[in-house]
Amino acid sequence: MQLKINPSEVKDIVEFIKNYDKRKIKIMEVCGTHTMSIAKSGIKTILPENIKLISGPGCPVCVTAINRIDEILTLSQNPKVLIATFGDMLKVPGSRQGFNLATLKSMGAKVEVVYSAMDAISIAENNPDFEVVFLGIGFETTAPGTAVAIKEAKERNIKNFSVFSMHKFVEPALRALLDSKEIEIDAFICPGHVSTILGIKGFRFLADDYKKPSVISGFEPEDILTAIYKIIMQFEKNIAIIENEYMRIVTLEGNEFAQRIMEDVFEPVDDIWRGIGIIPKSGMGIKDTYCDFDTVKRFDIKLDFKDKLTICKCGDIIKGKIEPKECSLFAKLCSPENPIGPCMVSSEGACAAYYKYLRF
Amino acid sequence: MQLKINPSEVKDIVEFIKNYDKRKIKIMEVCGTHTMSIAKSGIKTILPENIKLISGPGCPVCVTAINRIDEILTLSQNPKVLIATFGDMLKVPGSRQGFNLATLKSMGAKVEVVYSAMDAISIAENNPDFEVVFLGIGFETTAPGTAVAIKEAKERNIKNFSVFSMHKFVEPALRALLDSKEIEIDAFICPGHVSTILGIKGFRFLADDYKKPSVISGFEPEDILTAIYKIIMQFEKNIAIIENEYMRIVTLEGNEFAQRIMEDVFEPVDDIWRGIGIIPKSGMGIKDTYCDFDTVKRFDIKLDFKDKLTICKCGDIIKGKIEPKECSLFAKLCSPENPIGPCMVSSEGACAAYYKYLRF
Amino acid sequence: MEEIITLDYGSGGKKTSSLIEEILLPKFDNSKLNELMDGAVLKSKGRIAFSTDSFVVSPYFFPGGDIGKLAVCGTVNDLLMCGAIPRYLSLSFIIEEGFKIEHLKKIVNSISETAKECGIEIVTGDTKVVEKGKGDGIYINTSGIGFMEIEGYAKARINDGDVVIVTGNVGDHGVAVMSARNGFFLDTDLKSDCMPLTNLAKTIFKYGREVKIMRDPTRGGLATTLNEFVEGTEFSIELIEKDVPIAQNVFTACEILGIDPLYSANEGKIVLIASKDIAEDLVKDIKNLPEGKNAAIIGKVTSNHKGLVVLKTPIGGSRILNKLTGAQLPRIC
Amino acid sequence: MEEIITLDYGSGGKKTSSLIEEILLPKFDNSKLNELMDGAVLKSKGRIAFSTDSFVVSPYFFPGGDIGKLAVCGTVNDLLMCGAIPRYLSLSFIIEEGFKIEHLKKIVNSISETAKECGIEIVTGDTKVVEKGKGDGIYINTSGIGFMEIEGYAKARINDGDVVIVTGNVGDHGVAVMSARNGFFLDTDLKSDCMPLTNLAKTIFKYGREVKIMRDPTRGGLATTLNEFVEGTEFSIELIEKDVPIAQNVFTACEILGIDPLYSANEGKIVLIASKDIAEDLVKDIKNLPEGKNAAIIGKVTSNHKGLVVLKTPIGGSRILNKLTGAQLPRIC
Amino acid sequence: MCLAVPLKVIEIDGNDAVAELDGIKMKIRVDFVKDIKIGDYVYVHAGFAINKLDEKLAKENLELFREVANAAKNKSK
Amino acid sequence: MCLAVPLKVIEIDGNDAVAELDGIKMKIRVDFVKDIKIGDYVYVHAGFAINKLDEKLAKENLELFREVANAAKNKSK
Ligand code: SF4
Ligand code: SF4
Ligand SMILES: [Mg+2]
Ligand SMILES: [Mg+2]
Ligand SMILES: [Mg+2]
Ligand SMILES: [Mg+2]
Ligand SMILES: [Mg+2]
Ligand SMILES: [Mg+2]
Ligand SMILES: [Mg+2]
Ligand SMILES: [Mg+2]
Ligand SMILES: [Mg+2]
Ligand SMILES: [Mg+2]
């Protein structure tokens, strides 16, 4: 199936954007995968001065509070516990310098990288002597998979499996950002895969409630360039609507089965976001029906919601207030080899993307 | 403290024995450590034709029935079990070709070599998730140590420690050999360290009941040569008494404390000896008071007492009926690298000693 | 019972001898090794290249090869990259007890066949056995000696206007091994490119000093090797993303796992910098070899970004291509 | 947190470079290594000796040395035993993740110091990191090249009437390491004899072809090496037990653990066979070196027991001394 | 946020399925993509199909790119 | 059967003790060798002292050897 267009056609869009100088537009790409794709394709290097792309709170690793990381690291020291996690979480630093899952693993903690929540269930079955804890990170795209795993664990009566849910909803975070008024965002590139689950309706609030031109976009360079083009056009036409560029997979209503499974297992709870703080009803807590599979209850973890002091400016970066190079640690004390903040750890973190791809 | 004499003085004893040609004497050295010492010092190469030293049933590894080895190997496959053993037991073959504790360990079984029964207790304390099974082998010299370990485990309420007792009494085996009349033994070199525990009185039965000249001997070449000299002298004088050459440590009554501890923990049970078969009251069973620490009860092992067919002639060797080189497998199919029988495994086994030191 | 390696095989005694005599010597029959001395005594010539590598690949059998083939190719290729013709190899095993002798034989066989293919003699060796749980089946070290053919490959000779050439698709080995190891895929056609670079290198040698430097981009992949070429120099490399040859299935596997083929290891490729004048001819020559059919000019040396490698993307953007920072891991984000 | 090695250090990227540049290069400063190429390009000369060994000693720090010192001495000594003067060394690490960088530094330091002492250059290297639980802290391979000084040490030249010489007490290393490892002892003065044999070997070289063969009796100990000398030949060795030098504490430790010092590894001794005519002089010369003060003639070559080593005991008996069969283990019997 | 790739479904067994692209086959779950059949393309994220990729819509997407490219070209002039 | 070596007792703490010979120190148990004191020699088997080695008796043992040696010498003549 053909999914990509001819490079020469892409060039026409590039050419237009490059030469667009009519107004300043600050666009937030909400999704970390967009951040990554933008960086890898060099889109920032072809944007005119007046168009800025800023990274939003859409890297699940970056928004995870250091409090949670510390709790996970502590849990990993329990000799009965085997942590199953997406590779993304391995190097996120806790509040003690040098401590992360990778270094603790190298000192003996049991940590396995999985590709799917279902893999964690298999690990639990194959390691009956361990308590397998799956780290549930991600937004509405990832959470339904975790929900399936929890339901399956219950059905199959798997006793040594639980989920440390740090799943989050995108909307409350975007609303919090827009409501705070600390920052100016003129338009949004909306996360294509979250939209696959939530549907176009899931991001309508950006246009309806906040009057921000918004385009749901795929992840190829031509997707993103098209989205930028469409945002410019909205400004040209002086309208603010939600558009769907990612039509090959995103529908109006989204994936209702996935929504239903997610709602069956999770319920909105207040949650803390790195650098943003507590956002009401922004986290996905595991419902009581599935409390046997809730790591927090199983290990009686007293979740800490205090704002931990950190020198990292990720919070401001996630909020679009500053660019990575404006953090005084950037590329000095903080680098992908020795990351201070999560934005430098995740390959889709804004700081990592900037560090790796744009420090000419 | 000086314990050894001048080599030139030893030569005088050697010279005498070398030239002694008055009568044929077949002496059994009961103890495997004697077998080893005789082989290492080359005593057999200086004996005249008419004096023969034959190895007795005094190698604890050699006399352990293949049934027990099979049971141990099966037990080692239990993933919760950690076997703690003297190094001696590591390569004793079970009835399936190639299976021994060393090969099973190399495939993942948990096996640790200890120097003392007390080490096994420490291992149990340091590995609370494992069931530590100590393999109790040996005669009256070794059994008191195992008894102390069991008593200590009980006192300190150690829950994951037990002993697979294969400890044995020397006297019933010697009586069985002598009663069987299958073999001719003219005299005995009695085990010096067993005598340390049992005292001279422990071997008096050889002279009193069987009229065999017997000398308790230490393990230096001069000890053994002196013992041989004294045996010759008994024949010359036509007497059969028990003499104590190892006077620096062996007393008339032996070590009564050790005897008492041993009696407190163990009781005589019928036991099976490799190649000899069942000898009544020859084994040390763990008394009911300590049944919590009895591996056999703890793992509900159905001890097998059937004579297992084996091509190995160790039984005949232990009984002094044949010499190693008379076994058709010796140095052909059976060698220390690939031992068929236990006499080839233990460094003090008669076959191993012969193979290693005497195949000119 | 299946025959396995036990600690005894590493004790230096009879079992060690039997391992050497029954499994190793018959496969590496040559008079230098047969002496079983502490080392081999060899004929040498002028200047030599000397290289070493330890191989710890998991799984030790993987699509396209095994640790034995890899261990021979790895050192042979490093010697070639120095401008030398490989001649002698040492071979040292660290085997975990419990390793199947059948597996060892298979590995030894592939070592022997690869060595023959490379025209290299295995002249000295060593075998150690470590306890269960203190290894990963088998680790192999090879060290090699080659006789110098072309001297002076060095980054100091890189110059503005030079071009960057790669002899084939990049990323194959790393992706194939990662897939074989992590079991995320049910089945793939991915195969390691593990092979001796002898013919490729000999073709390149013909261009003498027109070739400035070459290297086999193993761990760290193409991106890391290119960075090593220019770091600390006055020059930068401009890499044209669309010109870098990548097999479609490697590309797809990387997309699924969220990893980057430019950082994925190669074990049968050369990346080199050559003067512009001969670049076309050289690529043509390389393409004439079956293993060079996907060779391509993938970039050029400039003075624009001192010490950096800059990737030109298909949409006309550019970005920095750094050295690898940390092992590549499958990601969901 | 204490700095430790993580998998990233073995990924071939930035961390690998930093390991090399910050920990390794400063200690092994030499122009060949600094190039950081795939291998080193070296001056050679006539005929060379080539040897390899992997070192897996546990514990890696032991009384009298550490795995680093051992790794340098081991290969240096093997080259000397070939009749060569050691010149170049390769160095390859297999490090288990979680290994303390402080420990690595200590080991690297001792490698560097030992290399200096031996007058050998470390010219090429490699570092791999394996997952926790797939190693034992650190394994090291060294391979070495030496320039031939005396050719023709070979068992074919052993003859009836030759004598067997050992340059000092036997069994030290094996017993010291076993004691350090198994913790059966609370405390001992046992120390590995690990050291370069350079001066001893050079002294022996002076006797040219009057020395028939020599070897460092490492794994398998004196007994195994002597067997290797005569197995498959027409000759036997008669060893005089009382003349074999053994330190009192080594003897005692062996008695306690039930092991045999003649099978215990040495890492700083030479055993050799020389013609009778020069034996006394040679021993005198060796004794003049501090490391040779316990040297002794310990036996002779005869034709009595083709291929065997026969031990003459103090009481006038004799027995065969075989090769080691299986690892030595502490015993109670 | 969420990497996802389009793969072709080649086996289905309840909520388990096998998907393939360029010879790379992987087990996936299709719990929330109903009425799926062999030959369908799905976007897979973290082992789960998150939606079907409709061939018709994919074509429309391409057309959208071309329209935008055209419009951009005209506007640039 | 039972290797045992004579070691010198250098520390005592209840049934635990430390014994030494030629600089080699090891923990031993002295459960069944009572009235032990520092400086005593004991025979140690598998970590347990099995008996004290009496200096006087050791001398007698040496004398025994010598007597036997003497007697043997005379008999050989
Ligand atoms: S550069 Fe590092 S410390 Fe600064 S904001 Fe980014 S991640 Fe945080
Ligand atoms: S040679 Fe082997 S098979 Fe024969 S009796 Fe001895 S141990 Fe048994
Ligand atoms: Mg998304
Ligand atoms: Mg005894
Ligand atoms: Mg050697
Ligand atoms: Mg190399
Ligand atoms: Mg290499
Ligand atoms: Mg070696
Ligand atoms: Mg290379
Ligand atoms: Mg060597
Ligand atoms: Mg060596
Ligand atoms: Mg290397």
# chains A, B, ... in the order shown; residues from 1 in each chain; ligands from 1
call {"tool": "calpha_fit_and_write", "arguments": {"fixed": "chain F", "moving": "chain E", "output": "short mmCIF file (atom, residue, chain, number, x, y, z; two decimals) with C-alpha atoms, in the first residue's frame"}}
result
data_model
loop_
_atom_site.label_atom_id
_atom_site.label_comp_id
_atom_site.auth_asym_id
_atom_site.auth_seq_id
_atom_site.Cartn_x
_atom_site.Cartn_y
_atom_site.Cartn_z
CA MET E 1 38.15 -41.57 55.45
CA CYS E 2 39.11 -38.56 57.45
CA LEU E 3 41.91 -36.14 56.75
CA ALA E 4 42.98 -34.30 59.87
CA VAL E 5 45.77 -31.86 60.53
CA PRO E 6 47.31 -30.63 63.77
CA LEU E 7 46.75 -26.90 64.31
CA LYS E 8 47.51 -24.57 67.20
CA VAL E 9 44.60 -22.92 69.00
CA ILE E 10 45.07 -19.17 69.16
CA GLU E 11 41.60 -17.90 70.09
CA ILE E 12 38.70 -19.47 71.94
CA ASP E 13 35.14 -18.24 72.22
CA GLY E 14 32.86 -20.92 73.60
CA ASN E 15 32.67 -23.67 71.01
CA ASP E 16 34.21 -21.43 68.40
CA ALA E 17 37.94 -21.12 68.15
CA VAL E 18 40.64 -20.00 65.77
CA ALA E 19 43.47 -22.36 64.98
CA GLU E 20 46.68 -21.67 63.14
CA LEU E 21 49.64 -23.31 61.48
CA ASP E 22 52.33 -21.64 59.40
CA GLY E 23 50.34 -18.44 59.29
CA ILE E 24 47.20 -20.17 58.10
CA LYS E 25 44.38 -19.31 60.42
CA MET E 26 41.02 -20.93 60.35
CA LYS E 27 37.82 -20.95 62.31
CA ILE E 28 37.18 -24.26 63.96
CA ARG E 29 34.68 -25.69 66.37
CA VAL E 30 35.80 -27.28 69.59
CA ASP E 31 32.47 -28.73 70.72
CA PHE E 32 33.96 -32.04 71.71
CA VAL E 33 37.39 -31.09 72.90
CA LYS E 34 36.88 -29.73 76.38
CA ASP E 35 39.32 -27.97 78.75
CA ILE E 36 41.07 -26.52 75.74
CA LYS E 37 43.33 -23.51 76.11
CA ILE E 38 45.21 -21.14 73.90
CA GLY E 39 48.44 -22.69 72.70
CA ASP E 40 47.03 -26.21 72.60
CA TYR E 41 47.41 -28.25 69.46
CA VAL E 42 44.34 -29.99 68.11
CA TYR E 43 43.74 -32.31 65.19
CA VAL E 44 41.14 -30.72 62.96
CA HIS E 45 38.86 -32.72 60.68
CA ALA E 46 36.21 -31.01 58.56
CA GLY E 47 36.33 -27.91 60.72
CA PHE E 48 36.05 -29.71 64.06
CA ALA E 49 38.79 -30.38 66.56
CA ILE E 50 38.63 -34.13 67.09
CA ASN E 51 41.21 -34.29 69.85
CA LYS E 52 44.04 -32.52 71.52
CA LEU E 53 47.58 -33.39 70.55
CA ASP E 54 49.51 -33.88 73.76
CA GLU E 55 53.10 -32.68 73.50
CA LYS E 56 54.30 -35.42 75.85
CA LEU E 57 52.53 -38.10 73.85
CA ALA E 58 53.89 -36.67 70.62
CA LYS E 59 57.37 -37.12 72.06
CA GLU E 60 56.53 -40.68 73.03
CA ASN E 61 55.34 -41.26 69.50
CA LEU E 62 58.67 -40.10 68.16
CA GLU E 63 60.41 -42.38 70.62
CA LEU E 64 58.28 -45.25 69.43
CA PHE E 65 59.39 -44.59 65.84
CA ARG E 66 63.00 -44.59 66.97
CA GLU E 67 62.62 -47.76 68.95
CA VAL E 68 61.01 -49.48 65.99
CA ALA E 69 63.70 -48.13 63.68
CA ASN E 70 66.38 -49.40 66.01
CA ALA E 71 64.81 -52.78 66.42
CA ALA E 72 64.31 -53.04 62.67
CA LYS E 73 67.94 -52.12 62.08
CA ASN E 74 69.09 -54.77 64.48
CA LYS E 75 66.78 -57.37 63.00
CA SER E 76 67.89 -56.55 59.46
CA LYS E 77 71.48 -57.24 60.33
#
call {"tool": "residues_near_ligand", "arguments": {"ligand": "ligand 11", "cutoff": "8 Å", "atoms": "only C-alpha atoms and all ligand atoms", "output": "PyMOL selection string"}}
result
(chain C and resi 38+126) or (chain D and resi 52-53+74-75+77-78+216+218)
call {"tool": "write_last_selection", "arguments": {"atoms": "N, CA, C and O atoms", "output": "PDB file, in the first residue's frame"}}
result
ATOM      1  N   ASP C  38      53.494 -22.865  24.499  1.00  0.00           N
ATOM      2  CA  ASP C  38      52.901 -21.697  25.127  1.00  0.00           C
ATOM      3  C   ASP C  38      52.478 -20.656  24.101  1.00  0.00           C
ATOM      4  O   ASP C  38      51.697 -19.771  24.392  1.00  0.00           O
ATOM      5  N   ASP C 126      43.619 -20.832  23.511  1.00  0.00           N
ATOM      6  CA  ASP C 126      43.441 -20.985  24.959  1.00  0.00           C
ATOM      7  C   ASP C 126      41.973 -21.328  25.221  1.00  0.00           C
ATOM      8  O   ASP C 126      41.090 -20.910  24.483  1.00  0.00           O
TER       9      ASP C 126
ATOM     10  N   THR D  52      48.346 -16.287  23.243  1.00  0.00           N
ATOM     11  CA  THR D  52      47.102 -15.696  23.765  1.00  0.00           C
ATOM     12  C   THR D  52      46.673 -16.411  25.033  1.00  0.00           C
ATOM     13  O   THR D  52      46.970 -17.591  25.227  1.00  0.00           O
ATOM     14  N   ASP D  53      46.012 -15.701  25.904  1.00  0.00           N
ATOM     15  CA  ASP D  53      45.373 -16.317  27.065  1.00  0.00           C
ATOM     16  C   ASP D  53      44.232 -15.448  27.546  1.00  0.00           C
ATOM     17  O   ASP D  53      44.322 -14.221  27.513  1.00  0.00           O
ATOM     18  N   GLY D  74      50.960 -13.383  32.339  1.00  0.00           N
ATOM     19  CA  GLY D  74      50.611 -14.657  31.713  1.00  0.00           C
ATOM     20  C   GLY D  74      51.093 -14.723  30.276  1.00  0.00           C
ATOM     21  O   GLY D  74      51.756 -15.688  29.874  1.00  0.00           O
ATOM     22  N   THR D  75      50.802 -13.691  29.514  1.00  0.00           N
ATOM     23  CA  THR D  75      51.186 -13.728  28.113  1.00  0.00           C
ATOM     24  C   THR D  75      52.664 -13.416  27.922  1.00  0.00           C
ATOM     25  O   THR D  75      53.342 -14.037  27.101  1.00  0.00           O
ATOM     26  N   ASN D  77      54.960 -14.193  29.942  1.00  0.00           N
ATOM     27  CA  ASN D  77      55.678 -15.410  30.312  1.00  0.00           C
ATOM     28  C   ASN D  77      55.588 -16.480  29.224  1.00  0.00           C
ATOM     29  O   ASN D  77      56.562 -17.178  28.938  1.00  0.00           O
ATOM     30  N   ASP D  78      54.417 -16.597  28.618  1.00  0.00           N
ATOM     31  CA  ASP D  78      54.283 -17.584  27.546  1.00  0.00           C
ATOM     32  C   ASP D  78      55.209 -17.245  26.375  1.00  0.00           C
ATOM     33  O   ASP D  78      55.796 -18.133  25.754  1.00  0.00           O
ATOM     34  N   ASP D 216      56.129 -22.386  31.770  1.00  0.00           N
ATOM     35  CA  ASP D 216      55.644 -21.885  33.056  1.00  0.00           C
ATOM     36  C   ASP D 216      54.506 -22.803  33.482  1.00  0.00           C
ATOM     37  O   ASP D 216      53.477 -22.885  32.821  1.00  0.00           O
ATOM     38  N   THR D 218      51.548 -23.332  34.775  1.00  0.00           N
ATOM     39  CA  THR D 218      50.370 -22.619  35.284  1.00  0.00           C
ATOM     40  C   THR D 218      49.270 -23.622  35.626  1.00  0.00           C
ATOM     41  O   THR D 218      49.496 -24.502  36.454  1.00  0.00           O
TER      42      THR D 218
END
call {"tool": "select_by_dssp", "arguments": {"residues": "chain F", "states": "strand (DSSP E)", "output": "ChimeraX atom specification"}}
result
/F:5-13,16-21,24-29,41-45,48-53
call {"tool": "write_last_selection", "arguments": {"atoms": "C-alpha atoms", "output": "PDB file, in the first residue's frame"}}
result
ATOM      1  CA  VAL F   5      45.759 -31.877  60.539  1.00  0.00           C
ATOM      2  CA  PRO F   6      47.306 -30.658  63.771  1.00  0.00           C
ATOM      3  CA  LEU F   7      46.741 -26.918  64.310  1.00  0.00           C
ATOM      4  CA  LYS F   8      47.524 -24.598  67.195  1.00  0.00           C
ATOM      5  CA  VAL F   9      44.622 -22.951  69.002  1.00  0.00           C
ATOM      6  CA  ILE F  10      45.102 -19.177  69.162  1.00  0.00           C
ATOM      7  CA  GLU F  11      41.623 -17.914  70.091  1.00  0.00           C
ATOM      8  CA  ILE F  12      38.724 -19.473  71.950  1.00  0.00           C
ATOM      9  CA  ASP F  13      35.167 -18.220  72.220  1.00  0.00           C
ATOM     10  CA  ASP F  16      34.214 -21.413  68.377  1.00  0.00           C
ATOM     11  CA  ALA F  17      37.945 -21.119  68.125  1.00  0.00           C
ATOM     12  CA  VAL F  18      40.662 -20.008  65.768  1.00  0.00           C
ATOM     13  CA  ALA F  19      43.485 -22.384  64.983  1.00  0.00           C
ATOM     14  CA  GLU F  20      46.682 -21.699  63.144  1.00  0.00           C
ATOM     15  CA  LEU F  21      49.633 -23.343  61.476  1.00  0.00           C
ATOM     16  CA  ILE F  24      47.216 -20.225  58.099  1.00  0.00           C
ATOM     17  CA  LYS F  25      44.407 -19.349  60.430  1.00  0.00           C
ATOM     18  CA  MET F  26      41.018 -20.953  60.358  1.00  0.00           C
ATOM     19  CA  LYS F  27      37.829 -20.944  62.311  1.00  0.00           C
ATOM     20  CA  ILE F  28      37.183 -24.250  63.955  1.00  0.00           C
ATOM     21  CA  ARG F  29      34.668 -25.666  66.378  1.00  0.00           C
ATOM     22  CA  TYR F  41      47.428 -28.275  69.483  1.00  0.00           C
ATOM     23  CA  VAL F  42      44.343 -30.009  68.129  1.00  0.00           C
ATOM     24  CA  TYR F  43      43.728 -32.323  65.206  1.00  0.00           C
ATOM     25  CA  VAL F  44      41.115 -30.716  62.963  1.00  0.00           C
ATOM     26  CA  HIS F  45      38.848 -32.707  60.677  1.00  0.00           C
ATOM     27  CA  PHE F  48      36.034 -29.694  64.044  1.00  0.00           C
ATOM     28  CA  ALA F  49      38.769 -30.371  66.559  1.00  0.00           C
ATOM     29  CA  ILE F  50      38.603 -34.117  67.102  1.00  0.00           C
ATOM     30  CA  ASN F  51      41.177 -34.298  69.851  1.00  0.00           C
ATOM     31  CA  LYS F  52      44.043 -32.534  71.538  1.00  0.00           C
ATOM     32  CA  LEU F  53      47.565 -33.407  70.569  1.00  0.00           C
TER      33      LEU F  53
END
call {"tool": "interface_residues", "arguments": {"of": "chain C", "to": "chain E", "cutoff": "6 Å", "atoms": "only C-alpha atoms", "output": "list in words"}}
result
Phe185, Leu186, Asp187, Thr188, Asp189, Asn249, Ile332 and Cys333 of chain C
call {"tool": "residues_around", "arguments": {"residues": "B:Tyr115", "least_positions_apart": "5", "cutoff": "9 Å", "atoms": "only C-alpha atoms", "output": "PyMOL selection string"}}
result
(chain B and resi 85-87+120) or (chain D and resi 184+257+330-332) or (chain F and resi 46-47)
call {"tool": "residues_near_ligand", "arguments": {"ligand": "ligand 6", "cutoff": "12 Å", "atoms": "only C-alpha atoms and all ligand atoms", "output": "ChimeraX atom specification"}}
result
/C:49-55,71-82,141-145,215-219 /D:12,33,36-40,90-93,123-128,143
call {"tool": "interface_residues", "arguments": {"of": "chain B", "to": "chain A", "cutoff": "12 Å", "atoms": "only C-alpha atoms", "output": "count of residues only"}}
result
5
call {"tool": "atom_distance", "arguments": {"atom1": "atom CA of B:Ile121", "atom2": "atom CA of B:Gly58"}}
result
26.6 Å
call {"tool": "closest_atom_pairs", "arguments": {"of": "chain C", "to": "chain A", "cutoff": "7 Å", "atoms": "only C-alpha atoms", "output": "CSV"}}
result
residue,atom,partner,partner_atom,distance
C:Phe184,CA,A:Tyr115,CA,6.8
C:His305,CA,A:Phe360,CA,6.8
C:Thr313,CA,A:Ser41,CA,5.6
C:Pro314,CA,A:Pro7,CA,7.0
C:Ile315,CA,A:Lys11,CA,6.3
C:Gly317,CA,A:Gly42,CA,4.2
C:Ser318,CA,A:Gly42,CA,4.7
C:Arg319,CA,A:Tyr357,CA,4.7
C:Ile320,CA,A:Tyr357,CA,4.4
C:Leu321,CA,A:Tyr357,CA,6.5
C:Asn322,CA,A:Lys356,CA,6.3
C:Thr325,CA,A:Glu337,CA,5.9
C:Gly326,CA,A:Glu337,CA,6.9
C:Leu329,CA,A:Gly87,CA,5.6
C:Pro330,CA,A:Gly87,CA,5.6
C:Arg331,CA,A:Gly87,CA,5.0
C:Ile332,CA,A:Phe86,CA,6.6
C:Cys333,CA,A:Thr33,CA,6.1
call {"tool": "write_last_selection", "arguments": {"atoms": "C-alpha atoms", "output": "compact mmCIF listing (two decimals), in the first residue's frame"}}
result
# COMPACT_ATOMS: atom_id res chain seq x y z
CA PHE C 184 9.83 -9.59 19.70
CA HIS C 305 30.73 22.07 10.71
CA THR C 313 17.27 14.78 5.02
CA PRO C 314 15.11 14.08 1.97
CA ILE C 315 12.93 17.12 2.62
CA GLY C 317 16.45 19.72 6.22
CA SER C 318 19.56 18.83 8.09
CA ARG C 319 20.46 17.49 11.44
CA ILE C 320 23.46 16.36 13.37
CA LEU C 321 24.31 12.70 13.43
CA ASN C 322 26.05 12.01 16.72
CA THR C 325 24.93 7.36 23.23
CA GLY C 326 24.13 4.17 25.05
CA LEU C 329 16.73 -0.37 23.09
CA PRO C 330 13.31 -1.12 21.66
CA ARG C 331 10.93 1.71 22.48
CA ILE C 332 7.27 2.44 22.20
CA CYS C 333 7.66 6.20 21.99
call {"tool": "residues_near_ligand", "arguments": {"ligand": "ligand 2", "cutoff": "12 Å", "atoms": "only C-alpha atoms and all ligand atoms", "output": "NGL selection string"}}
result
:B and (55 or 61-63 or 66 or 92-93 or 274-275 or 310-356)
